[in-house]
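Below is one structure; the comments refer to it alone.
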Amino acid sequence: MKRVLSSLVVVALVGASVVAVRQALADELVASTNGRLFELAGQSVRTGLAASESAVKQLEKDTRFALSLAPGNGQYWNTLARVHFTSRTDLLGAVVTDLDAAYAAAKASVVAQPSSAYGWASLAFASDQLMAQNRLSGGQAALEQTLSRAAALGAREPYVLRTVVDLGLANWDSLSAVSRQSVMRSIDHLAQRQPDDTIALARRRGRLAEACSEKRLASRKECTISLNTVAISS
């Protein structure tokens, strides 16, 4: 009996060790992929050039291998979505992204980890692009759901807040009253942490008046100038 118990303990320890090694390898691959994505984004900003097809394919291969080790990891799926979002130059020299694959990966991310604000932000980003092409399943309601979930879960996450504010203001005219309130709360949260970014996003989307209606921004120079300009023109 003691020998049987000892054997079971050994098997259990070996199994746990294998799982730990697989998890560590997967974590390392995804961390490396995220670092490389950051580098490619910076490179694109500096040079104006997209990444090569081969570079992005290698990142996809690494991330999919990590997912084969931990298929239920929502963060890994979100990294795969980011890989597919990455602009790259194909063999014909055209700059492309794989939007459908990005949407599928982002959806898998929120299924695996429904509490992830980052996953919902990625899904909102993909949904917005598909909506612009009239290809989003569920249409406007689906887009607003992703924005609302990202806003609710990411109230303290600047990256998520920037995504919600940017997409929310871009789609402002078509949003329901409830969704507009959600976007306005995100504007308030983002203004508390990054007021300059909030103003910049609102200005880029032509919605400075909406952003300036939040009390945290009302006294900003950009807002007072905007309000005075409107008053003079009227």
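Each chain in the structure tokens gets a letter, A, B, ..., in the order shown, and its residues are numbered from 1; ligands are numbered from 1 in order too.
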
* **Surrounding residues of Ala141 in chain A excluding itself and chain neighbours under 4 positions, 12 Å, only C-alpha atoms, as an MDAnalysis selection string** => chainID A and resid 124 127:128 131 136:137 145:148 174:176 178:179

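Every protein or nucleic acid residue with an atom no more than 10 Å from Ser87 in chain A, counting only C-alpha atoms and leaving out same-chain residues fewer than 6 positions away, appears here: Leu40, Ala41, Ser44, Leu49, Ala50, Ala51, Ser52, Glu53, Val56, Ala94, Val95, Val96, Thr97 and Asp98 of chain A.
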
* To do: Apply DSSP to the backbone of this structure and, from range 22-178 of chain A, keep only the residues in alpha helix (DSSP H); write these as an NGL selection string.
  => :A and (22-47 or 53-69 or 74-85 or 99-112 or 117-132 or 139-153 or 158-170 or 177-178)

Would you mind exporting C-alpha atoms of the selected residues as an mmCIF file, in the first residue's frame?
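What landed in selection-v7.cif:
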```
data_model
loop_
_atom_site.group_PDB
_atom_site.id
_atom_site.type_symbol
_atom_site.label_atom_id
_atom_site.label_comp_id
_atom_site.auth_asym_id
_atom_site.auth_seq_id
_atom_site.Cartn_x
_atom_site.Cartn_y
_atom_site.Cartn_z
ATOM 1 C CA ARG A 22 4.583 24.005 -20.337
ATOM 2 C CA GLN A 23 3.108 27.097 -18.679
ATOM 3 C CA ALA A 24 6.526 28.724 -18.274
ATOM 4 C CA LEU A 25 7.362 28.089 -21.935
ATOM 5 C CA ALA A 26 4.028 29.502 -23.061
ATOM 6 C CA ASP A 27 4.449 32.587 -20.859
ATOM 7 C CA GLU A 28 7.925 33.171 -22.247
ATOM 8 C CA LEU A 29 6.750 32.907 -25.850
ATOM 9 C CA VAL A 30 3.862 35.317 -25.332
ATOM 10 C CA ALA A 31 6.005 37.791 -23.399
ATOM 11 C CA SER A 32 8.532 37.738 -26.228
ATOM 12 C CA THR A 33 5.760 38.240 -28.786
ATOM 13 C CA ASN A 34 4.332 41.217 -26.893
ATOM 14 C CA GLY A 35 7.787 42.769 -26.683
ATOM 15 C CA ARG A 36 8.347 42.272 -30.388
ATOM 16 C CA LEU A 37 4.945 43.789 -31.207
ATOM 17 C CA PHE A 38 5.922 46.865 -29.215
ATOM 18 C CA GLU A 39 9.203 47.085 -31.144
ATOM 19 C CA LEU A 40 7.450 46.722 -34.504
ATOM 20 C CA ALA A 41 4.957 49.450 -33.596
ATOM 21 C CA GLY A 42 7.780 51.816 -32.673
ATOM 22 C CA GLN A 43 9.647 50.947 -35.839
ATOM 23 C CA SER A 44 6.557 51.678 -37.916
ATOM 24 C CA VAL A 45 6.157 55.088 -36.266
ATOM 25 C CA ARG A 46 9.813 55.986 -36.843
ATOM 26 C CA THR A 47 10.121 54.768 -40.433
ATOM 27 C CA GLU A 53 5.036 39.356 -43.631
ATOM 28 C CA SER A 54 7.646 36.881 -42.401
ATOM 29 C CA ALA A 55 8.124 38.724 -39.096
ATOM 30 C CA VAL A 56 4.398 38.726 -38.345
ATOM 31 C CA LYS A 57 4.000 35.094 -39.399
ATOM 32 C CA GLN A 58 6.726 34.081 -36.959
ATOM 33 C CA LEU A 59 4.948 35.923 -34.147
ATOM 34 C CA GLU A 60 1.711 34.184 -35.084
ATOM 35 C CA LYS A 61 3.486 30.805 -35.068
ATOM 36 C CA ASP A 62 4.973 31.440 -31.614
ATOM 37 C CA THR A 63 1.653 32.602 -30.162
ATOM 38 C CA ARG A 64 -0.264 29.664 -31.608
ATOM 39 C CA PHE A 65 2.302 27.313 -30.104
ATOM 40 C CA ALA A 66 1.756 28.983 -26.722
ATOM 41 C CA LEU A 67 -1.980 28.508 -27.195
ATOM 42 C CA SER A 68 -1.439 24.833 -27.969
ATOM 43 C CA LEU A 69 0.089 24.580 -24.495
ATOM 44 C CA GLY A 74 -7.513 34.592 -22.643
ATOM 45 C CA GLN A 75 -4.388 36.757 -22.524
ATOM 46 C CA TYR A 76 -2.699 34.561 -25.119
ATOM 47 C CA TRP A 77 -5.718 34.874 -27.405
ATOM 48 C CA ASN A 78 -5.597 38.646 -27.001
ATOM 49 C CA THR A 79 -1.923 38.630 -27.986
ATOM 50 C CA LEU A 80 -2.853 36.662 -31.098
ATOM 51 C CA ALA A 81 -5.469 39.310 -31.901
ATOM 52 C CA ARG A 82 -2.770 41.988 -31.613
ATOM 53 C CA VAL A 83 -0.548 39.989 -33.966
ATOM 54 C CA HIS A 84 -3.322 39.891 -36.563
ATOM 55 C CA PHE A 85 -3.981 43.623 -36.100
ATOM 56 C CA LEU A 99 -9.036 41.684 -39.582
ATOM 57 C CA ASP A 100 -11.206 38.568 -39.598
ATOM 58 C CA ALA A 101 -8.539 36.559 -37.775
ATOM 59 C CA ALA A 102 -8.066 39.406 -35.285
ATOM 60 C CA TYR A 103 -11.801 39.492 -34.591
ATOM 61 C CA ALA A 104 -11.915 35.720 -34.100
ATOM 62 C CA ALA A 105 -8.948 35.791 -31.714
ATOM 63 C CA ALA A 106 -10.383 38.723 -29.730
ATOM 64 C CA LYS A 107 -13.698 36.906 -29.434
ATOM 65 C CA ALA A 108 -11.911 33.791 -28.202
ATOM 66 C CA SER A 109 -10.111 35.995 -25.682
ATOM 67 C CA VAL A 110 -13.315 37.262 -24.039
ATOM 68 C CA VAL A 111 -14.867 33.782 -24.113
ATOM 69 C CA ALA A 112 -11.835 32.404 -22.272
ATOM 70 C CA ALA A 117 -10.958 44.659 -20.112
ATOM 71 C CA TYR A 118 -8.097 44.314 -22.595
ATOM 72 C CA GLY A 119 -9.830 41.477 -24.383
ATOM 73 C CA TRP A 120 -13.033 43.496 -24.718
ATOM 74 C CA ALA A 121 -11.044 46.520 -25.928
ATOM 75 C CA SER A 122 -9.488 44.379 -28.670
ATOM 76 C CA LEU A 123 -12.901 43.031 -29.616
ATOM 77 C CA ALA A 124 -14.301 46.569 -29.729
ATOM 78 C CA PHE A 125 -11.458 47.657 -32.017
ATOM 79 C CA ALA A 126 -12.025 44.728 -34.391
ATOM 80 C CA SER A 127 -15.793 45.213 -34.256
ATOM 81 C CA ASP A 128 -15.469 48.883 -35.188
ATOM 82 C CA GLN A 129 -13.409 48.041 -38.265
ATOM 83 C CA LEU A 130 -15.808 45.309 -39.363
ATOM 84 C CA MET A 131 -18.734 47.683 -38.767
ATOM 85 C CA ALA A 132 -17.104 50.201 -41.098
ATOM 86 C CA GLY A 139 -24.259 45.233 -36.244
ATOM 87 C CA GLN A 140 -24.511 48.352 -34.102
ATOM 88 C CA ALA A 141 -25.803 46.510 -31.059
ATOM 89 C CA ALA A 142 -22.766 44.209 -31.057
ATOM 90 C CA LEU A 143 -20.371 47.154 -31.339
ATOM 91 C CA GLU A 144 -22.038 48.986 -28.462
ATOM 92 C CA GLN A 145 -21.940 45.876 -26.304
ATOM 93 C CA THR A 146 -18.179 45.559 -26.720
ATOM 94 C CA LEU A 147 -17.668 49.229 -25.916
ATOM 95 C CA SER A 148 -19.853 49.001 -22.819
ATOM 96 C CA ARG A 149 -18.073 45.913 -21.520
ATOM 97 C CA ALA A 150 -14.635 47.430 -22.114
ATOM 98 C CA ALA A 151 -15.713 50.656 -20.400
ATOM 99 C CA ALA A 152 -17.156 48.874 -17.374
ATOM 100 C CA LEU A 153 -14.197 46.546 -16.865
ATOM 101 C CA PRO A 158 -5.676 53.976 -19.437
ATOM 102 C CA TYR A 159 -5.109 51.853 -22.556
ATOM 103 C CA VAL A 160 -8.657 50.499 -22.409
ATOM 104 C CA LEU A 161 -10.083 53.932 -21.645
ATOM 105 C CA ARG A 162 -8.307 55.440 -24.650
ATOM 106 C CA THR A 163 -9.786 52.758 -26.874
ATOM 107 C CA VAL A 164 -13.308 53.304 -25.548
ATOM 108 C CA VAL A 165 -13.065 57.089 -25.828
ATOM 109 C CA ASP A 166 -11.565 56.987 -29.317
ATOM 110 C CA LEU A 167 -14.082 54.512 -30.730
ATOM 111 C CA GLY A 168 -16.967 55.978 -28.780
ATOM 112 C CA LEU A 169 -16.402 59.493 -30.107
ATOM 113 C CA ALA A 170 -15.790 58.154 -33.618
ATOM 114 C CA ALA A 177 -28.105 57.317 -25.094
ATOM 115 C CA VAL A 178 -26.939 54.572 -22.730
#
```

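Between CA of Asp196 in chain A and CA of Arg180 in chain A there is a distance of 20.9 Å.
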
* Among the residues A:Pro195, A:Gln133, A:Pro71, A:Val19, the one that comes closest to Gln113 in chain A [using only C-alpha atoms] -> A:Pro71

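Ranking A:Arg216, A:Arg205, A:Arg135, A:Arg88 by their shortest atom-to-atom distance to Arg193 in chain A, with only C-alpha atoms included, puts A:Arg216 first.
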
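As for CA of Ser115 in chain A and CA of Ser186 in chain A, they are spaced 17.3 Å apart.
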
* DSSP on the backbone: what in range 69-229 of chain A comes out strand (DSSP E or B), as a PyMOL selection string? -> chain A and resi 88-89+95-96

If you count only C-alpha atoms, which residues fall within 10 Å of Glu222 in chain A, apart from same-chain ones fewer than 3 positions away, as an mmCIF file with N, CA and C atoms, in the first residue's frame?
```
data_model
loop_
_atom_site.group_PDB
_atom_site.id
_atom_site.type_symbol
_atom_site.label_atom_id
_atom_site.label_comp_id
_atom_site.auth_asym_id
_atom_site.auth_seq_id
_atom_site.Cartn_x
_atom_site.Cartn_y
_atom_site.Cartn_z
ATOM 1 N N ASP A 196 -4.364 65.341 -21.194
ATOM 2 C CA ASP A 196 -3.862 65.736 -22.514
ATOM 3 C C ASP A 196 -4.268 64.742 -23.597
ATOM 4 N N ILE A 199 -8.020 65.145 -24.429
ATOM 5 C CA ILE A 199 -8.262 66.286 -25.314
ATOM 6 C C ILE A 199 -7.823 65.953 -26.743
ATOM 7 N N ALA A 200 -6.668 65.319 -26.872
ATOM 8 C CA ALA A 200 -6.147 64.986 -28.202
ATOM 9 C C ALA A 200 -7.087 64.031 -28.940
ATOM 10 N N ARG A 203 -10.261 65.935 -29.956
ATOM 11 C CA ARG A 203 -9.985 66.852 -31.065
ATOM 12 C C ARG A 203 -9.840 66.079 -32.375
ATOM 13 N N LEU A 208 -14.610 67.739 -29.524
ATOM 14 C CA LEU A 208 -14.052 68.470 -28.389
ATOM 15 C C LEU A 208 -15.156 68.987 -27.475
ATOM 16 N N CYS A 212 -15.332 68.384 -23.516
ATOM 17 C CA CYS A 212 -15.253 69.568 -22.659
ATOM 18 C C CYS A 212 -16.468 69.725 -21.750
ATOM 19 N N LEU A 217 -12.538 68.584 -17.483
ATOM 20 C CA LEU A 217 -11.878 69.212 -18.625
ATOM 21 C C LEU A 217 -12.398 70.613 -18.931
ATOM 22 N N ALA A 218 -13.517 70.986 -18.333
ATOM 23 C CA ALA A 218 -14.182 72.240 -18.695
ATOM 24 C C ALA A 218 -13.288 73.465 -18.557
ATOM 25 N N SER A 219 -12.384 73.445 -17.585
ATOM 26 C CA SER A 219 -11.532 74.613 -17.349
ATOM 27 C C SER A 219 -10.234 74.578 -18.155
ATOM 28 N N ILE A 225 -11.151 77.970 -25.023
ATOM 29 C CA ILE A 225 -10.973 78.559 -26.368
ATOM 30 C C ILE A 225 -12.062 78.079 -27.297
ATOM 31 N N SER A 226 -12.344 76.764 -27.228
ATOM 32 C CA SER A 226 -13.374 76.195 -28.101
ATOM 33 C C SER A 226 -14.731 76.804 -27.822
ATOM 34 N N LEU A 227 -15.073 76.934 -26.547
ATOM 35 C CA LEU A 227 -16.368 77.505 -26.182
ATOM 36 C C LEU A 227 -16.476 78.967 -26.600
#
```

* Suppose you want the space between CA of Asn134 in chain A and CA of Leu91 in chain A; what is it in Å? -> 27.6 Å

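Comparing A:Asp90, A:Arg156, A:Glu210, A:Pro114 by their smallest distance to Gln192 in chain A, the closest is A:Arg156 (using only C-alpha atoms).
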